[in-house]
Structure formats: C-alpha cells, structure tokens
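This report refers to the structure that appears directly beneath it.
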Amino acid sequence: MSEQQTKKLSIPTCDDRLLWETWMSMFHFPTLTVADELGLFTLLEKSPATADEVAQSLDLGHRSTEALLGVMTSLGYLVQQNEKFAITEVSRNFLLPQSPFYWGGILHLMRSTPLSHASLLTALRNDKSTIYEDKDIWETHELEPEQAKAFTSHMHSQTVSPAVGAAIRGDFTSVKRLLDVGGGSGAFCFALAQHYPDLRCTILELPVVCKIADKYIAAAGLQARIDTKAGNFFTDPFPSGYDAILFGNIFHDWGREKCLHLARSSFAALPKGGKIYLHEILLSDTKDSPLVATAFSLCMVWVTEGKQFTAREIQQLLTECGFVDISITPTYGYYSLISATKP
C-alpha cells in the first residue's frame with residue numbers, strides 16, 4: 001500500500017457554513033427587488049395563494065416561483081401555511097406601494113444602480129465613491145434632475161419610518177423653529193410637524209432638491225408648516241432664527257473635517273440654548289458591529305465621502321465645537337438620536 005493511500009483523511013477545524021451564507025446572501029436583495037417589481041406582495045396581500053396560483057398570476061414557471069417564494073419565506077417576508085403563502089407584517093408595512101412606509105425608493109434605485117465587484121473594488125482602492133462611476137454624487141444630482149429625483153425618493157423611503165421613531169422617542173419639546181440641513185424630501189420634518197403642532201421647519205437643500213421637496217410638502221399638505229431654502233451648506237452660512245438644527249443621515253456622508261465644519265456652522269447660527277440633533281446608525285466603539293452598521297459604512301465608501309460613526313466619535317466632535325449636555329437616545333431600528341446644546 002502506498003504512503004498516499006495510508007495517509008489519514010483530514011477535515012477542516014470548522015465547517016464552511018459562513019461562506020455559504022455570505023455567498024448566497026448575494027441573492028437576497030436582488031430577489032427582493034424582483035419580487036417587488038413583479039407585484040408579489042400586492043398579489044399576496046389581496047389573498048394568500050399556493051405556488052401554482054402565484055406562478056399563474058405572475059406568469060412565471062413553477063421552478064422559478066418555487067425558488068422565489070422559498071427565498072422570500074426564508075428571509076421572513078412571507079409565511080407559509082397549508083401550502084398557501086401570505087405576507088408578514090414586515091412586508092405589510094414596507095413592501096406594499098400603498099403603505100406610507102413603502103421602501104419603493106430604495107428598491108427602485110438599487111435595482112437600477114446595483115453594486116458590482118468592480119465598483120466596490122475601485123471605491124476601496126481609490127477611497128472614493130463609484131456609485132456614478134467617476135462622477136461626484138452631489139454634482140451629478142445638480143446636473144441631472146432625474147438622478148436627484150431618484151435619490152431623493154430613495155432617501156424618503158429610508159427616512160419615513162425612522163423619522164416617526166425619532167419624533168416620538170426623541171425630545172423636541174423646546175423647539176419652535178428647526179432647520180433640517182440636507183433634509184431631502186422633508187420626511188423628517190413631516191414626522192416632527194405632525195407630532196409637535198407648534199413646530200415649524202425649513203429644509204436647507206440644493207436648488208434642484210428644493211424643487212423636489214416642495215412637491216412632497218404640497219402632497220403632504222404641510223406648506224403652512226414646512227418650507228425650503230436653497231443653499232450649499234458648505235459654502236453658505238447657515239441662516240439664523242432657528243432654535244434647532246437637524247442632520248438626519250448627513251454626517252455619515254462626509255469625513256470628520258467636513259462634519260466639524262457643519263457642527264461649527266451650527267454652533268455659530270444657533271442662539272444660546274439652541275440644540276443640534278443628529279440621527280444616525282451608530283457603530284460600536286470597536287467598529288466591528290452591528291453588521292448593518294459595518295455594512296452601511298462600506299456602503300458609504302461606495303456612495304459618498306463618509307462612514308458610520310461611533311457614539312464616542314460624535315461626542316468628541318460636538319464637544320470640540322463647544323456643545324454640551326450631549327445625549328443619545330435609541331429611536332427606531334438601528335437608529336439613534338444624538339442631541340446637544342449650545343451653552
């Protein structure tokens with residue numbers, strides 16, 4: 001018998017399930033965007049259906065339908081009982097077009113601008129956004145209104161639910177006039193205006209986004225409570241007359257020096273006792289959890305100049321600018337509201 005034949009068979013010290021799970025995760029989000037485009041959730045919201053009934057209604061093959069339903073059920077968007085599939089509460093809230101919390105803007109942007117290996121590799125190597133290839137994301141939005149409209153819809157979908165959580169669980173009771181810097185569609189202002197009847201808001205945005213936001217405001221019937229102001233928040237001084245300044249998912253778009261500029265501009269514009277608010281998904285102090293925050297930070301490398309911050313990093317940044325009484329309140333899902341006061 002040869003030496004090769006007598007050698008004992010070895011096995012790895014662990015199994016490869018994590019690799020399988022990571023590999024197969026590449027199908028999760030595209031399957032969700034496809035299910036949305038096919039109208040799967042709207043179909044099953046009307047009435048639970050078998051795989052054969054879904055295949056017939058969506059004009060799909062049985063094999064394809066079985067795979068689609070299997071993934072959506074495994075992920076928790078559907079539930080199966082007695083061979084019939086129905087939507088779960090997550091789908092009812094966020095995947096029906098008629099829902100005020102519909103994630104349509106996110107789903108639509110990501111299916112038209114998918115992440116690729118090459119795009120992510122280039123972004124990492126150059127430490128520069130590649131979502132629009134070699135074009136700056138904000139300059140692109142100024143020059144291409146349709147891109148700005150799609151991105152604003154994306155951010156609206158991303159903001160609606162967390163904004164409600166922040167309005168309910170955060171403390172804005174002392175605020176009468178709030179400046180929402182980079183407020184996009186105004187989704188955050190909508191929640192605040194509805195929860196605090198004496199609060200008035202202004203959205204500070206690029207001119208192209210202000211035009212888009214005005215339509216959202218009109219559709220919400222909040223023209224008397226919310227207005228827009230066109231400007232560049234890096235080159236123009238912040239307007240005075242506001243006792244609070246809000247940055248919802250804004251600091252994570254920029255590096256520390258630019259965030260310092262935004263915080264200092266806020267400090268200069270606010271009156272004594274005025275407040276700054278940041279709404280962000282925070283990293284742990286070790287920057288290796290939670291997974292959504294670490295992945296979101298990688299997303300920022302692909303899309304912007306920024307990253308997700310830790311609570312400690314934001315506290316240090318605000319303290320450096322002169323703010324005091326810094327507090328952090330978990331608001332909704334992975335989000336937290338950071339507030340501080342100008343002494």
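Labels used: A, B, ... for chains in the order of the structure tokens, numbers from 1 for residues in each chain, and numbers from 1 for ligands as shown.
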
Exercise. From the DSSP assignment of the backbone, select every residue of region 231-323 of chain A that is strand (DSSP E or B), and format the answer as a PyMOL selection string.
Key: chain A and resi 244-248+275-281+283+310

So that I have them on file, write out the residues from the current selection with N, CA and C atoms, as an mmCIF file, in the first residue's frame.
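Ended up saving to result-v9.cif:
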data_model
loop_
_atom_site.group_PDB
_atom_site.id
_atom_site.type_symbol
_atom_site.label_atom_id
_atom_site.label_comp_id
_atom_site.auth_asym_id
_atom_site.auth_seq_id
_atom_site.Cartn_x
_atom_site.Cartn_y
_atom_site.Cartn_z
ATOM 1 N N ALA A 244 -33.102 75.156 16.607
ATOM 2 C CA ALA A 244 -32.585 73.784 16.484
ATOM 3 C C ALA A 244 -32.147 73.535 15.051
ATOM 4 N N ILE A 245 -31.098 72.748 14.921
ATOM 5 C CA ILE A 245 -30.594 72.342 13.598
ATOM 6 C C ILE A 245 -30.474 70.827 13.590
ATOM 7 N N LEU A 246 -31.024 70.230 12.544
ATOM 8 C CA LEU A 246 -31.089 68.765 12.440
ATOM 9 C C LEU A 246 -30.260 68.272 11.260
ATOM 10 N N PHE A 247 -29.535 67.169 11.486
ATOM 11 C CA PHE A 247 -28.820 66.464 10.427
ATOM 12 C C PHE A 247 -29.268 65.009 10.469
ATOM 13 N N GLY A 248 -30.140 64.608 9.584
ATOM 14 C CA GLY A 248 -30.601 63.224 9.531
ATOM 15 C C GLY A 248 -29.865 62.456 8.447
ATOM 16 N N LYS A 275 -30.297 73.868 20.040
ATOM 17 C CA LYS A 275 -29.931 72.451 20.020
ATOM 18 C C LYS A 275 -29.507 71.988 18.626
ATOM 19 N N ILE A 276 -28.571 71.059 18.628
ATOM 20 C CA ILE A 276 -28.198 70.337 17.413
ATOM 21 C C ILE A 276 -28.646 68.893 17.582
ATOM 22 N N TYR A 277 -29.201 68.328 16.502
ATOM 23 C CA TYR A 277 -29.652 66.938 16.510
ATOM 24 C C TYR A 277 -29.003 66.196 15.343
ATOM 25 N N LEU A 278 -28.517 64.989 15.616
ATOM 26 C CA LEU A 278 -28.016 64.094 14.576
ATOM 27 C C LEU A 278 -28.777 62.781 14.673
ATOM 28 N N HIS A 279 -29.224 62.266 13.548
ATOM 29 C CA HIS A 279 -29.907 60.970 13.535
ATOM 30 C C HIS A 279 -29.084 60.037 12.660
ATOM 31 N N GLU A 280 -28.497 59.018 13.275
ATOM 32 C CA GLU A 280 -27.554 58.155 12.562
ATOM 33 C C GLU A 280 -27.646 56.711 13.069
ATOM 34 N N ILE A 281 -27.176 55.789 12.237
ATOM 35 C CA ILE A 281 -26.923 54.411 12.671
ATOM 36 C C ILE A 281 -25.487 54.379 13.188
ATOM 37 N N LEU A 283 -21.962 52.908 14.906
ATOM 38 C CA LEU A 283 -21.076 51.754 15.077
ATOM 39 C C LEU A 283 -20.782 51.540 16.555
ATOM 40 N N THR A 310 -18.982 56.157 15.491
ATOM 41 C CA THR A 310 -19.310 55.622 16.804
ATOM 42 C C THR A 310 -19.909 56.757 17.630
#

With 8 Å as the cut-off and only C-alpha atoms counted, what is the closest atom pair between each nearby residue of region 35-120 of chain A and region 149-169 of chain A? Distances in Å to one decimal, ordered by chain and number, as a Markdown table.
| residue | atom | partner | partner_atom | distance |
| --- | --- | --- | --- | --- |
| A:Pro100 | CA | A:Val160 | CA | 7.9 |
| A:Phe101 | CA | A:Ser161 | CA | 6.2 |
| A:Tyr102 | CA | A:Ser157 | CA | 6.4 |
| A:Trp103 | CA | A:Ser157 | CA | 4.9 |
| A:Gly104 | CA | A:Ser157 | CA | 6.5 |
| A:Gly105 | CA | A:His154 | CA | 3.9 |
| A:Ile106 | CA | A:His154 | CA | 4.4 |
| A:Leu107 | CA | A:His154 | CA | 7.8 |
| A:His108 | CA | A:His154 | CA | 7.7 |
| A:Leu109 | CA | A:His154 | CA | 6.4 |

Quiz prompt | Shell around Gln81 (chain A) at 12 Å using only C-alpha atoms, local window under 3 positions removed, as an NGL selection string | solution = :A and (48-51 or 73 or 78 or 84-88)

Exercise. Please provide as a PyMOL selection string all residues within 12 Å of Leu124 (chain A), with the sequence filter that same-chain residues fewer than 2 positions apart are discarded (counting only C-alpha atoms).
Key: chain A and resi 117-122+126-130+297-305

Residue subset to file, keeping C-alpha atoms, as a compact mmCIF listing (two decimals), in the first residue's frame:
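Below you can see selection30.txt, which holds the result:
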# COMPACT_ATOMS: atom_id res chain seq x y z
CA HIS A 117 -17.43 43.71 -7.51
CA ALA A 118 -15.51 46.07 -9.82
CA SER A 119 -17.27 49.18 -8.49
CA LEU A 120 -16.64 48.26 -4.85
CA LEU A 121 -13.01 47.30 -5.53
CA THR A 122 -12.35 50.63 -7.26
CA ASN A 126 -9.25 54.87 -4.51
CA ASP A 127 -11.13 55.63 -1.28
CA LYS A 128 -13.68 57.40 -3.46
CA SER A 129 -17.35 56.93 -4.34
CA THR A 130 -18.04 54.98 -7.53
CA SER A 297 -20.19 52.11 6.46
CA LEU A 298 -18.95 50.14 3.46
CA CYS A 299 -21.96 51.43 1.53
CA MET A 300 -20.80 54.97 2.35
CA VAL A 301 -17.40 54.18 0.81
CA TRP A 302 -19.23 53.20 -2.37
CA VAL A 303 -21.68 56.13 -2.37
CA THR A 304 -20.17 59.11 -0.51
CA GLU A 305 -17.06 60.51 1.19

Exercise. Would you please extract all helix (DSSP H, G or I) residues from region 77-310 of chain A, as assigned by DSSP on the backbone, and give them as a VMD selection string?
Key: chain A and resid 89 to 94 104 to 112 117 to 126 137 to 143 145 to 169 187 to 195 207 to 220 251 to 253 256 to 269 291 to 303

Practice problem: May I have the residues within 10 Å of Ala295 (chain A) as a list in words, using only C-alpha atoms and disregarding those fewer than 6 positions away in the same chain? | Solution: Asp288, Ser289, Val301, Lys307 and Gln308 of chain A

Quiz prompt | Selection: 8 Å around region 35-39 of chain A, only C-alpha atoms, excl. self and same-chain fewer than 2 positions, as a VMD selection string | solution = chain A and resid 31 to 33 41 to 43 58 68 95 107

Store the residues picked out above in a file with C-alpha atoms, as a PDB file, in the first residue's frame.
ATOM      1  CA  THR A  31     -34.673  38.702  -5.133  1.00  0.00           C
ATOM      2  CA  LEU A  32     -36.495  41.270  -3.015  1.00  0.00           C
ATOM      3  CA  THR A  33     -36.339  43.944  -5.741  1.00  0.00           C
ATOM      4  CA  PHE A  41     -46.520  41.332  -2.176  1.00  0.00           C
ATOM      5  CA  THR A  42     -49.500  43.177  -3.610  1.00  0.00           C
ATOM      6  CA  LEU A  43     -50.795  39.875  -5.003  1.00  0.00           C
ATOM      7  CA  LEU A  58     -47.332  36.360 -12.235  1.00  0.00           C
ATOM      8  CA  LEU A  68     -38.700  32.964  -5.373  1.00  0.00           C
ATOM      9  CA  LEU A  95     -43.379  46.392   0.731  1.00  0.00           C
ATOM     10  CA  LEU A 107     -35.760  49.212  -4.093  1.00  0.00           C
TER      11      LEU A 107
END
